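Below is the file coords_12.txt, which contains compact mmCIF, C-alpha atoms.
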# COMPACT_ATOMS: atom_id res chain seq x y z
CA MET A 1 37.12 21.37 44.57
CA CYS A 2 38.13 24.63 42.97
CA LEU A 3 41.12 25.03 45.25
CA ALA A 4 44.23 26.16 43.41
CA LEU A 5 47.71 26.99 44.67
CA PRO A 6 50.72 28.80 43.19
CA ALA A 7 53.64 26.53 42.34
CA LYS A 8 56.98 27.00 40.61
CA ILE A 9 57.90 24.97 37.53
CA VAL A 10 61.17 23.08 38.00
CA GLU A 11 61.12 20.85 34.92
CA LYS A 12 59.25 20.97 31.61
CA ASP A 13 58.76 18.27 29.01
CA GLY A 14 56.36 19.39 26.31
CA GLU A 15 52.87 19.61 27.77
CA ASP A 16 53.95 18.07 31.06
CA ALA A 17 55.85 19.79 33.81
CA TRP A 18 57.00 19.19 37.34
CA VAL A 19 56.30 21.87 39.90
CA LEU A 20 57.26 22.45 43.49
CA LEU A 21 54.12 22.88 45.54
CA GLY A 22 55.46 23.85 48.93
CA ASP A 23 57.91 21.01 49.56
CA ALA A 24 56.13 18.53 47.28
CA ARG A 25 57.11 17.78 43.69
CA MET A 26 54.09 17.31 41.49
CA LYS A 27 53.36 16.57 37.85
CA VAL A 28 51.12 19.11 36.15
CA ASN A 29 49.76 19.57 32.66
CA LEU A 30 50.50 22.83 30.85
CA VAL A 31 47.89 22.68 28.09
CA MET A 32 46.15 25.80 29.48
CA THR A 33 49.41 27.73 30.02
CA PRO A 34 51.70 26.54 27.20
CA GLU A 35 53.93 29.62 27.45
CA ALA A 36 54.98 28.80 31.02
CA GLU A 37 58.64 27.81 31.30
CA VAL A 38 60.98 26.50 33.99
CA ASP A 39 61.20 28.96 36.93
CA ASP A 40 57.80 30.46 36.08
CA TRP A 41 55.00 30.42 38.64
CA VAL A 42 51.63 28.88 37.80
CA LEU A 43 48.34 28.41 39.62
CA VAL A 44 47.76 24.65 39.93
CA HIS A 45 44.31 23.09 40.11
CA ALA A 46 43.62 19.34 39.91
CA GLY A 47 46.84 18.54 38.08
CA PHE A 48 46.60 21.40 35.60
CA ALA A 49 48.27 24.81 35.53
CA ILE A 50 45.30 27.11 34.99
CA GLN A 51 47.08 30.47 34.98
CA GLN A 52 50.55 31.94 34.95
CA LEU A 53 51.43 34.24 37.86
CA SER A 54 54.16 36.73 38.57
CA GLU A 55 56.62 35.62 41.25
CA GLU A 56 55.59 38.58 43.38
CA ASP A 57 51.89 37.60 43.32
CA ALA A 58 52.67 33.92 43.91
CA LEU A 59 54.86 34.69 46.91
CA GLU A 60 52.24 37.09 48.27
CA THR A 61 49.63 34.31 48.18
CA TRP A 62 51.98 31.93 49.99
CA GLN A 63 52.72 34.69 52.52
CA LEU A 64 48.99 35.05 53.24
CA ILE A 65 48.64 31.29 53.64
CA ASP A 66 51.69 31.08 55.92
CA ASP A 67 50.49 34.03 58.02
CA LEU A 68 47.20 32.26 58.59
CA ARG A 69 49.00 29.08 59.49
CA GLN A 70 51.04 30.87 62.16
CA PRO A 71 48.82 33.75 63.28
CA GLU A 72 50.73 34.51 66.47
CA GLU A 73 54.08 34.81 64.71
CA ALA A 74 52.55 36.93 61.98
CA ALA A 75 51.04 39.26 64.55
CA SER A 76 54.28 39.75 66.46
CA MET B 1 51.49 46.23 58.53
CA THR B 2 50.78 42.86 60.12
CA ILE B 3 47.91 40.72 58.93
CA ARG B 4 46.15 41.41 62.24
CA ALA B 5 46.47 45.19 61.84
CA GLN B 6 45.21 44.99 58.27
CA MET B 7 42.25 42.91 59.35
CA SER B 8 41.48 45.34 62.19
CA ARG B 9 41.45 48.25 59.79
CA LEU B 10 39.17 46.43 57.30
CA THR B 11 36.84 45.39 60.12
CA GLU B 12 36.61 48.95 61.45
CA ASP B 13 35.91 50.27 57.97
CA LEU B 14 33.24 47.62 57.40
CA HIS B 15 31.47 48.40 60.70
CA ALA B 16 31.50 52.13 59.93
CA CYS B 17 30.26 51.55 56.40
CA ALA B 18 27.49 49.20 57.59
CA ASP B 19 26.39 51.83 60.15
CA ARG B 20 26.18 54.46 57.44
CA LEU B 21 24.27 52.06 55.19
CA GLY B 22 21.70 51.68 57.96
CA ARG B 23 19.99 48.55 56.67
CA PRO B 24 20.77 44.84 56.57
CA ALA B 25 22.76 43.44 53.66
CA SER B 26 23.19 39.84 52.52
CA PHE B 27 26.04 38.90 50.25
CA MET B 28 26.39 35.52 48.66
CA GLU B 29 29.75 33.81 48.37
CA VAL B 30 29.21 31.54 45.41
CA CYS B 31 32.25 29.34 45.83
CA GLY B 32 32.70 26.55 48.38
CA THR B 33 36.34 27.45 48.96
CA HIS B 34 35.24 30.95 49.99
CA THR B 35 32.63 29.39 52.31
CA VAL B 36 35.20 27.26 54.09
CA ASN B 37 37.83 29.97 54.38
CA ALA B 38 35.33 32.54 55.68
CA CYS B 39 34.19 30.09 58.37
CA ARG B 40 37.66 28.81 59.23
CA SER B 41 39.27 32.22 59.52
CA GLY B 42 36.48 33.70 61.63
CA VAL B 43 35.45 36.38 59.13
CA HIS B 44 31.78 35.88 60.10
CA SER B 45 32.47 36.74 63.73
CA LEU B 46 34.19 39.98 62.75
CA MET B 47 31.33 41.21 60.60
CA PRO B 48 28.66 43.62 61.87
CA SER B 49 25.39 41.92 62.75
CA THR B 50 23.64 43.68 59.88
CA VAL B 51 25.92 42.24 57.20
CA ARG B 52 25.46 38.57 56.38
CA LEU B 53 27.52 36.28 54.22
CA ILE B 54 25.37 33.51 52.80
CA SER B 55 26.46 30.42 50.91
CA GLY B 56 25.67 29.82 47.28
CA PRO B 57 25.56 26.87 44.90
CA GLY B 58 29.32 26.76 44.41
CA CYS B 59 30.32 23.43 45.88
CA PRO B 60 30.35 20.88 43.02
CA VAL B 61 29.60 18.01 45.37
CA CYS B 62 26.64 19.82 46.93
CA VAL B 63 25.01 20.72 43.62
CA THR B 64 25.45 17.33 41.95
CA ALA B 65 22.00 15.81 41.60
CA GLN B 66 21.38 12.54 43.37
CA ARG B 67 20.36 10.91 40.10
CA TYR B 68 23.91 11.37 38.85
CA ILE B 69 25.39 9.53 41.85
CA ASP B 70 22.83 6.78 41.25
CA ALA B 71 23.98 6.52 37.62
CA LEU B 72 27.60 6.22 38.74
CA ILE B 73 26.75 3.50 41.23
CA GLU B 74 24.78 1.62 38.60
CA LEU B 75 27.78 1.81 36.27
CA GLY B 76 30.03 0.53 39.04
CA ARG B 77 28.00 -2.69 39.15
CA ASP B 78 29.44 -3.59 35.77
CA ASP B 79 32.43 -5.87 36.44
CA ASP B 80 34.37 -4.42 33.50
CA VAL B 81 34.05 -0.83 34.69
CA THR B 82 36.57 1.10 36.77
CA LEU B 83 35.07 4.33 38.09
CA THR B 84 37.49 7.21 38.61
CA THR B 85 36.55 10.26 40.63
CA TYR B 86 37.90 13.21 42.57
CA GLY B 87 38.00 12.22 46.24
CA ASP B 88 35.32 14.77 47.23
CA MET B 89 32.62 12.70 45.54
CA MET B 90 33.24 9.46 47.44
CA ARG B 91 30.90 9.97 50.36
CA VAL B 92 27.96 11.81 48.85
CA ALA B 93 24.91 9.58 48.83
CA GLY B 94 22.47 8.82 46.05
CA ALA B 95 19.30 6.86 46.60
CA GLY B 96 21.37 3.68 46.68
CA GLY B 97 24.27 4.84 48.84
CA SER B 98 27.61 6.45 48.07
CA LEU B 99 30.58 5.51 45.89
CA GLU B 100 32.41 4.65 49.10
CA LEU B 101 29.70 2.14 49.95
CA ALA B 102 29.71 0.81 46.38
CA ARG B 103 33.45 0.26 46.66
CA SER B 104 33.05 -1.59 49.92
CA GLU B 105 30.55 -3.82 48.13
CA GLY B 106 33.06 -4.67 45.41
CA ALA B 107 32.82 -1.92 42.79
CA ASP B 108 36.17 -0.82 41.34
CA VAL B 109 36.23 2.86 42.35
CA ARG B 110 39.52 4.74 42.29
CA ILE B 111 40.30 8.27 43.42
CA VAL B 112 42.33 10.45 41.06
CA THR B 113 43.69 13.93 41.63
CA SER B 114 43.80 14.76 37.92
CA THR B 115 41.80 13.73 34.87
CA MET B 116 45.11 12.72 33.26
CA GLU B 117 45.52 10.02 35.91
CA ALA B 118 42.26 8.50 34.70
CA VAL B 119 43.50 8.61 31.09
CA GLU B 120 46.79 7.05 32.19
CA LEU B 121 44.88 4.31 34.00
CA ALA B 122 42.94 3.53 30.82
CA ARG B 123 46.21 3.34 28.91
CA ARG B 124 47.81 1.09 31.51
CA GLU B 125 44.84 -1.25 31.90
CA PRO B 126 43.36 -1.78 28.43
CA GLY B 127 41.18 -4.59 29.73
CA ARG B 128 39.24 -2.21 31.98
CA GLN B 129 36.57 0.29 30.92
CA VAL B 130 37.61 3.48 32.73
CA VAL B 131 34.83 6.00 33.40
CA PHE B 132 35.65 9.41 34.85
CA ALA B 133 33.00 11.16 36.97
CA ALA B 134 33.26 14.61 35.42
CA VAL B 135 31.92 16.99 38.04
CA GLY B 136 32.89 20.54 38.88
CA PHE B 137 32.56 24.04 37.51
CA GLU B 138 34.49 25.88 34.83
CA THR B 139 37.70 25.43 36.82
CA THR B 140 37.66 21.67 36.33
CA ALA B 141 35.82 21.41 33.00
CA PRO B 142 38.91 22.26 30.88
CA ALA B 143 40.77 19.41 32.60
CA THR B 144 38.02 17.00 31.53
CA ALA B 145 38.15 18.42 28.02
CA ALA B 146 41.93 17.90 27.92
CA ALA B 147 41.46 14.29 29.04
CA VAL B 148 38.89 13.62 26.32
CA LEU B 149 41.20 15.15 23.71
CA ALA B 150 44.12 13.04 24.98
CA ALA B 151 41.96 9.90 24.81
CA LYS B 152 40.90 10.74 21.26
CA ARG B 153 44.46 11.49 20.19
CA ASP B 154 45.66 8.15 21.60
CA GLY B 155 42.64 6.25 20.26
CA LEU B 156 41.71 4.98 23.73
CA ALA B 157 38.57 2.91 23.29
CA ASN B 158 38.30 2.13 27.01
CA PHE B 159 37.97 5.68 28.36
CA THR B 160 34.73 7.62 28.82
CA VAL B 161 33.50 10.46 30.99
CA LEU B 162 30.10 10.83 32.64
CA PRO B 163 29.65 14.58 32.18
CA CYS B 164 28.03 16.52 35.03
CA HIS B 165 29.89 19.81 34.81
CA LYS B 166 28.06 22.91 35.93
CA LEU B 167 28.28 26.54 34.84
CA VAL B 168 28.31 29.22 37.50
CA LEU B 169 26.67 32.11 35.69
CA PRO B 170 23.36 30.40 34.75
CA ALA B 171 23.00 29.34 38.39
CA MET B 172 23.55 32.89 39.65
CA MET B 173 21.00 34.18 37.14
CA ALA B 174 18.50 31.47 38.14
CA LEU B 175 18.88 32.42 41.82
CA LEU B 176 18.20 36.05 41.04
CA ALA B 177 15.12 35.14 39.03
CA ASP B 178 13.64 33.64 42.22
CA PRO B 179 11.44 36.31 43.86
CA GLU B 180 12.30 34.88 47.30
CA ALA B 181 16.01 35.49 46.81
CA GLN B 182 17.49 38.02 49.20
CA ILE B 183 20.85 38.70 47.70
CA ASP B 184 22.36 42.19 47.73
CA GLY B 185 25.58 41.28 45.96
CA PHE B 186 27.98 38.50 45.09
CA ILE B 187 31.46 37.47 46.10
CA CYS B 188 32.20 35.79 42.77
CA PRO B 189 34.06 32.48 42.71
CA GLY B 190 37.80 33.18 42.48
CA HIS B 191 39.18 30.29 40.51
CA VAL B 192 36.18 29.87 38.22
CA SER B 193 36.88 33.51 37.37
CA VAL B 194 40.46 32.63 36.43
CA ILE B 195 38.96 30.61 33.60
CA ILE B 196 35.88 32.63 32.58
CA GLY B 197 37.25 36.09 33.42
CA ALA B 198 35.78 38.81 35.61
CA GLU B 199 33.78 40.28 32.73
CA ALA B 200 31.66 37.10 32.63
CA TYR B 201 29.60 38.47 35.55
CA ARG B 202 28.59 41.57 33.61
CA PRO B 203 25.01 40.25 33.01
CA VAL B 204 24.46 39.96 36.79
CA VAL B 205 25.37 43.62 37.20
CA ASP B 206 23.60 44.89 34.07
CA GLN B 207 20.43 42.77 34.08
CA HIS B 208 19.83 42.33 37.82
CA ALA B 209 21.57 45.40 39.20
CA LYS B 210 23.53 43.38 41.75
CA PRO B 211 27.09 44.34 42.69
CA CYS B 212 29.72 41.69 41.94
CA VAL B 213 33.19 41.52 43.44
CA VAL B 214 35.87 39.06 42.40
CA THR B 215 38.25 38.44 45.29
CA GLY B 216 40.79 35.95 46.59
CA PHE B 217 40.40 33.23 49.17
CA GLU B 218 42.41 34.43 52.14
CA ALA B 219 40.67 36.07 55.08
CA LEU B 220 41.93 39.56 54.27
CA GLN B 221 40.81 39.25 50.67
CA ILE B 222 37.36 37.99 51.68
CA MET B 223 36.93 40.85 54.15
CA ASP B 224 38.11 43.30 51.51
CA GLY B 225 35.46 41.89 49.12
CA ILE B 226 32.69 42.26 51.71
CA LEU B 227 33.76 45.82 52.40
CA ALA B 228 33.79 46.62 48.67
CA LEU B 229 30.23 45.28 48.28
CA THR B 230 28.99 47.19 51.33
CA ARG B 231 30.60 50.38 50.03
CA GLN B 232 28.81 49.92 46.70
CA LEU B 233 25.45 49.60 48.49
CA GLU B 234 26.20 52.66 50.60
CA ALA B 235 27.07 54.69 47.51
CA GLY B 236 24.03 53.35 45.65
CA GLU B 237 26.29 51.86 42.99
CA THR B 238 26.17 48.62 41.03
CA LYS B 239 29.59 47.72 39.75
CA LEU B 240 31.66 44.79 38.75
CA GLU B 241 34.92 45.01 40.68
CA ASN B 242 37.88 42.76 40.12
CA ARG B 243 39.83 42.93 43.38
CA TYR B 244 41.90 39.84 42.56
CA PRO B 245 43.63 41.12 39.38
CA GLN B 246 46.91 39.45 40.24
CA VAL B 247 45.24 36.12 39.39
CA VAL B 248 41.99 36.90 37.57
CA SER B 249 42.02 38.79 34.28
CA ASN B 250 38.97 40.40 32.77
CA GLU B 251 38.90 37.99 29.84
CA GLY B 252 39.86 34.80 31.71
CA ASN B 253 42.07 32.09 30.27
CA PRO B 254 41.26 31.86 26.54
CA LYS B 255 43.10 28.55 26.13
CA ALA B 256 41.03 26.95 28.87
CA MET B 257 37.81 28.39 27.44
CA ALA B 258 38.78 27.08 23.99
CA LEU B 259 39.28 23.59 25.46
CA ILE B 260 35.80 23.67 27.00
CA ASP B 261 34.29 24.97 23.79
CA LYS B 262 36.03 22.40 21.61
CA VAL B 263 34.76 19.39 23.57
CA PHE B 264 31.56 20.58 25.23
CA GLN B 265 28.40 22.48 24.40
CA PRO B 266 25.97 24.00 26.90
CA GLY B 267 23.11 21.73 27.92
CA ASP B 268 20.31 21.70 30.48
CA SER B 269 21.44 20.32 33.80
CA ALA B 270 19.81 19.13 37.02
CA TRP B 271 21.06 20.76 40.23
CA ARG B 272 20.46 19.06 43.53
CA ALA B 273 17.44 20.51 45.25
CA ILE B 274 17.21 23.34 42.70
CA GLY B 275 16.11 21.28 39.70
CA MET B 276 16.77 21.79 36.02
CA ILE B 277 18.42 25.01 34.93
CA ALA B 278 18.51 25.67 31.21
CA ARG B 279 21.96 25.65 29.62
CA SER B 280 23.68 25.39 33.00
CA GLY B 281 25.67 22.27 32.26
CA LEU B 282 28.05 20.93 29.65
CA ASP B 283 27.29 18.07 27.24
CA LEU B 284 29.92 16.47 25.03
CA ARG B 285 29.77 17.67 21.45
CA PRO B 286 28.70 15.03 18.88
CA ASP B 287 32.32 14.76 17.66
CA TYR B 288 33.24 13.33 21.05
CA ALA B 289 30.13 11.18 21.57
CA GLU B 290 32.28 8.02 21.70
CA PHE B 291 33.67 9.28 25.03
CA ASP B 292 30.25 9.90 26.54
CA ALA B 293 29.48 7.26 29.17
CA PHE B 294 25.78 8.21 28.99
CA GLN B 295 25.76 7.06 25.37
CA ARG B 296 28.12 4.12 25.65
CA TYR B 297 26.20 2.55 28.51
CA GLY B 298 22.74 3.81 27.57
CA ILE B 299 22.26 5.62 30.87
CA THR B 300 19.16 7.71 31.49
CA LEU B 301 19.01 9.72 34.67
CA GLY B 302 16.23 8.95 37.14
CA GLU B 303 14.65 11.16 39.77
CA ASP B 304 16.05 12.69 42.94
CA HIS B 305 14.77 11.70 46.35
CA ASP B 306 16.29 14.06 48.85
CA PRO B 307 16.59 12.83 52.42
CA PRO B 308 13.52 13.80 54.52
CA GLY B 309 14.09 16.92 56.59
CA CYS B 310 17.32 17.85 54.80
CA ARG B 311 17.46 21.55 53.88
CA CYS B 312 20.62 21.48 51.74
CA GLY B 313 18.64 22.89 48.82
CA GLU B 314 17.76 25.98 50.84
CA VAL B 315 21.30 26.23 52.22
CA ILE B 316 22.88 26.38 48.75
CA THR B 317 20.40 28.99 47.56
CA GLY B 318 20.99 31.24 50.55
CA LYS B 319 17.44 30.79 51.89
CA CYS B 320 18.51 29.31 55.20
CA ALA B 321 21.66 28.89 57.23
CA PRO B 322 22.97 25.41 58.05
CA ALA B 323 21.99 25.87 61.70
CA ASP B 324 18.36 26.43 60.67
CA CYS B 325 18.14 22.82 59.48
CA PRO B 326 16.68 20.47 62.11
CA LEU B 327 19.18 17.78 61.15
CA PHE B 328 22.26 20.01 61.49
CA GLY B 329 24.66 18.81 64.17
CA THR B 330 22.16 16.34 65.56
CA VAL B 331 21.65 13.46 63.15
CA CYS B 332 23.67 15.08 60.37
CA THR B 333 27.37 15.44 61.19
CA PRO B 334 30.58 15.14 59.13
CA ILE B 335 31.05 11.55 60.32
CA TYR B 336 27.45 10.53 59.53
CA PRO B 337 26.36 13.10 56.94
CA ILE B 338 22.80 13.11 55.63
CA GLY B 339 22.93 15.93 53.09
CA PRO B 340 25.65 16.75 50.57
CA CYS B 341 26.53 20.06 52.26
CA MET B 342 27.69 18.06 55.29
CA VAL B 343 29.50 15.45 53.16
CA SER B 344 31.69 17.82 51.25
CA SER B 345 34.73 19.45 52.81
CA GLU B 346 33.65 22.56 50.90
CA GLY B 347 30.02 22.24 51.90
CA SER B 348 28.46 25.00 53.93
CA CYS B 349 27.13 22.66 56.63
CA GLN B 350 30.46 20.96 57.19
CA ALA B 351 32.23 24.34 57.36
CA TRP B 352 29.67 25.60 59.91
CA PHE B 353 29.92 22.39 61.91
CA LYS B 354 33.72 22.48 62.03
CA TYR B 355 34.34 26.17 62.55
CA ARG B 356 31.25 28.00 63.75
CA ARG B 357 29.66 25.83 66.44
CA GLN B 358 31.71 27.48 69.17
CA GLU B 359 30.71 30.93 67.92
CA MET B 360 27.05 29.84 67.78
CA LYS B 361 27.21 28.52 71.35
CA HIS B 362 28.70 31.82 72.55
CA ALA B 363 25.94 33.74 70.79
CA GLU B 364 23.28 31.55 72.40
CA ARG B 365 24.86 32.01 75.83
CA ARG B 366 25.06 35.78 75.32
CA ALA B 367 21.43 35.93 74.26
CA ALA B 368 20.40 33.91 77.34
CA GLN B 369 22.41 36.20 79.62
CA GLU B 370 20.89 39.29 78.08
CA GLU B 371 17.45 37.82 78.62
CA ILE B 372 18.21 37.25 82.32
CA VAL B 373 19.58 40.80 82.71
CA SER B 374 16.58 42.39 81.04

Spell out the structure here as structure tokens.
Amino acid sequence: MCLALPAKIVEKDGEDAWVLLGDARMKVNLVMTPEAEVDDWVLVHAGFAIQQLSEEDALETWQLIDDLRQPEEAAS
Amino acid sequence: MTIRAQMSRLTEDLHACADRLGRPASFMEVCGTHTVNACRSGVHSLMPSTVRLISGPGCPVCVTAQRYIDALIELGRDDDVTLTTYGDMMRVAGAGGSLELARSEGADVRIVTSTMEAVELARREPGRQVVFAAVGFETTAPATAAAVLAAKRDGLANFTVLPCHKLVLPAMMALLADPEAQIDGFICPGHVSVIIGAEAYRPVVDQHAKPCVVTGFEALQIMDGILALTRQLEAGETKLENRYPQVVSNEGNPKAMALIDKVFQPGDSAWRAIGMIARSGLDLRPDYAEFDAFQRYGITLGEDHDPPGCRCGEVITGKCAPADCPLFGTVCTPIYPIGPCMVSSEGSCQAWFKYRRQEMKHAERRAAQEEIVS
């Protein structure tokens, strides 16, 4: 239940925002990260952005997830 | 360096460190997401036989007392009530069955992926009484708080929550107070730590002299956390290490903590198979009593009656492994689960069933072969 994934904000409207989570577009609430703006990365859990992340750290997390998804390619 | 090379290096270091330590070590991963990822990625099979990773009470579904499910099901019998819940809770059984069963019998139960969906539902359907099953740890509690605040702001008279949030730290402290506990250190829950901050575990280190490591959820990060804990034991140290600083700060997310604090206050809470732990849950503050389903519907929680033979309580306190339970993999499987640890996708039993049965079979075969040879 505590799963959270990095996602990039593509649209912001007050407390609500739309993020790209992989290829999916999702509505999230920014009440816990009000400073986050469009193009910022946030950690998304159950429809809420719970933390802002640097792009480098967000991409590193996705890299780890992708490597696990394709272990053979990552190893080669 | 490829992920495989990095893992090889960590594994070698861990084996060498464990050899130097020269005694067994058991580390508890508190969070269900760590449990699943450690099983799925094969971390267990890479570890030396003297180092064990045991599961803790960090799966919200697994620790939710049966009496709470019973209360939800009772509420669902009311024709005016729409129950809203995270999907994980649907299949966990109370004394009178699960929410899934209640729905099949006519209760209006709807799965939401965010508390705000439940608030939106209440707004859209003013004729329905929408109750949100508020389970989860500090990661999800701020989301419930935000929903209650939104409902108050909008004057929604048809939205309530049935609070059953749990706090991680009191549970860890309660485990350590048990003289039977064999825990040499903790892999602290990653995303709970985002909210409460790494420093929150200081009492575990200071009062119980147990090493704590905050780490991420990917296999490399988990292995790195295990190595860090083993190194601390080898060096005779007791430290709090934040090895996930890119995501977890020492102080946590103050805005999220403020949300929790505004809406909730600590209260005693019943944990499945563990019992009551003082100040380990969150009750709504009196200012928000109108959103408390316990009060609105006059609910009092009953007793728990755990399924006979089920050892989930020992599994979530690290006292036994899923495979030690006589029901595991025989009558209790993910399709027909008996205990909550098999129901939940983050439960230890389901993770073992899905990802470790093959490894267990190999180990049994190896042991049998060795017996023949000797």

Exercise. Quick one: which residues from chain B are at most 6 Å off chain A, using all atoms listed in the file, as a PyMOL selection string?
Worked result: chain B and resi 2+4+113-114+255-256

Problem set entry | Shell around Val19 of chain A at 6 Å using only C-alpha atoms, local window under 5 positions removed, as a list in words |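 Residues meeting the cut-off are Ala7, Lys8, Ile9, Val10, Arg25 and Met26 of chain A.
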
Report as an mmCIF file with C-alpha atoms, keeping the file's coordinate frame all protein, DNA and RNA residues lying within 9 Å of segment 301-312 of chain B, evaluated on all atoms listed in the file, omitting residues in the same chain fewer than 2 positions from it.
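Saved the output as around-v2.cif:
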data_model
loop_
_atom_site.group_PDB
_atom_site.id
_atom_site.type_symbol
_atom_site.label_atom_id
_atom_site.label_comp_id
_atom_site.auth_asym_id
_atom_site.auth_seq_id
_atom_site.Cartn_x
_atom_site.Cartn_y
_atom_site.Cartn_z
ATOM 1 C CA CYS B 62 26.640 19.820 46.930
ATOM 2 C CA ALA B 65 22.000 15.810 41.600
ATOM 3 C CA GLN B 66 21.380 12.540 43.370
ATOM 4 C CA ARG B 67 20.360 10.910 40.100
ATOM 5 C CA TYR B 68 23.910 11.370 38.850
ATOM 6 C CA ASP B 70 22.830 6.780 41.250
ATOM 7 C CA ALA B 71 23.980 6.520 37.620
ATOM 8 C CA GLY B 94 22.470 8.820 46.050
ATOM 9 C CA ALA B 95 19.300 6.860 46.600
ATOM 10 C CA ARG B 272 20.460 19.060 43.530
ATOM 11 C CA ALA B 273 17.440 20.510 45.250
ATOM 12 C CA PHE B 294 25.780 8.210 28.990
ATOM 13 C CA ILE B 299 22.260 5.620 30.870
ATOM 14 C CA GLU B 314 17.760 25.980 50.840
ATOM 15 C CA VAL B 315 21.300 26.230 52.220
ATOM 16 C CA ILE B 316 22.880 26.380 48.750
ATOM 17 C CA THR B 317 20.400 28.990 47.560
ATOM 18 C CA CYS B 320 18.510 29.310 55.200
ATOM 19 C CA PRO B 322 22.970 25.410 58.050
ATOM 20 C CA ASP B 324 18.360 26.430 60.670
ATOM 21 C CA CYS B 325 18.140 22.820 59.480
ATOM 22 C CA PRO B 326 16.680 20.470 62.110
ATOM 23 C CA LEU B 327 19.180 17.780 61.150
ATOM 24 C CA PHE B 328 22.260 20.010 61.490
ATOM 25 C CA CYS B 332 23.670 15.080 60.370
ATOM 26 C CA ILE B 338 22.800 13.110 55.630
ATOM 27 C CA GLY B 339 22.930 15.930 53.090
ATOM 28 C CA PRO B 340 25.650 16.750 50.570
ATOM 29 C CA CYS B 341 26.530 20.060 52.260
ATOM 30 C CA MET B 342 27.690 18.060 55.290
ATOM 31 C CA SER B 348 28.460 25.000 53.930
ATOM 32 C CA CYS B 349 27.130 22.660 56.630
#

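Using all atoms listed in the file, the shortest contact distance between Arg231 of chain B and any of B:Val112, B:Ala321, B:Val51, B:Val248 is found at B:Val51.
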
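Taking atom CA of Ile69 of chain B and atom CA of Ser269 of chain B as the two end points, the separation is 14.0 Å.
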
For this session: Could you jot down the atom CA of Thr230 of chain B to atom CA of Gly313 of chain B separation for me, Å, one decimal place?
Result: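 So the two atoms, atom CA of Thr230 of chain B and atom CA of Gly313 of chain B, lie 26.5 Å apart.
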
Exercise. Near Ile260 of chain B, counting only C-alpha atoms, which residues have an atom at most 7 Å away, once you skip same-chain residues fewer than 4 positions from it, shown as a list in words?
Worked result: Ala141, Pro142, Ala145, Ala256 and Phe264 of chain B

Exercise. Quick one: distance from atom CA of Lys262 of chain B to atom CA of Thr144 of chain B in Å, one decimal?
Worked result: 11.5 Å

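Candidate residues B:Ala118, B:Thr84, B:Asn158, B:Gly106 were compared for distance to Arg296 of chain B, and the nearest is B:Asn158, using all atoms listed in the file.
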
Problem set entry | Residues near Glu11 of chain A, cut-off 10 Å, all atoms listed in the file, skip fewer than 3 positions along chain, as an MDAnalysis selection string | chainID A and resid 8 14 16:20 27 37:39

Problem set entry | Phe132 of chain B environment, 12 Å, all atoms listed in the file, sequence neighbours closer than 6 positions dropped, as a ChimeraX atom specification | /B:72,75-76,81-87,89,109-122,143-145,147-148,151,158-165,291-294

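For the choices B:Ala351, B:Ile277, B:Ala363, B:Cys39, the atom-to-atom distance to Ala174 of chain B is smallest for B:Ile277 when using all atoms listed in the file.
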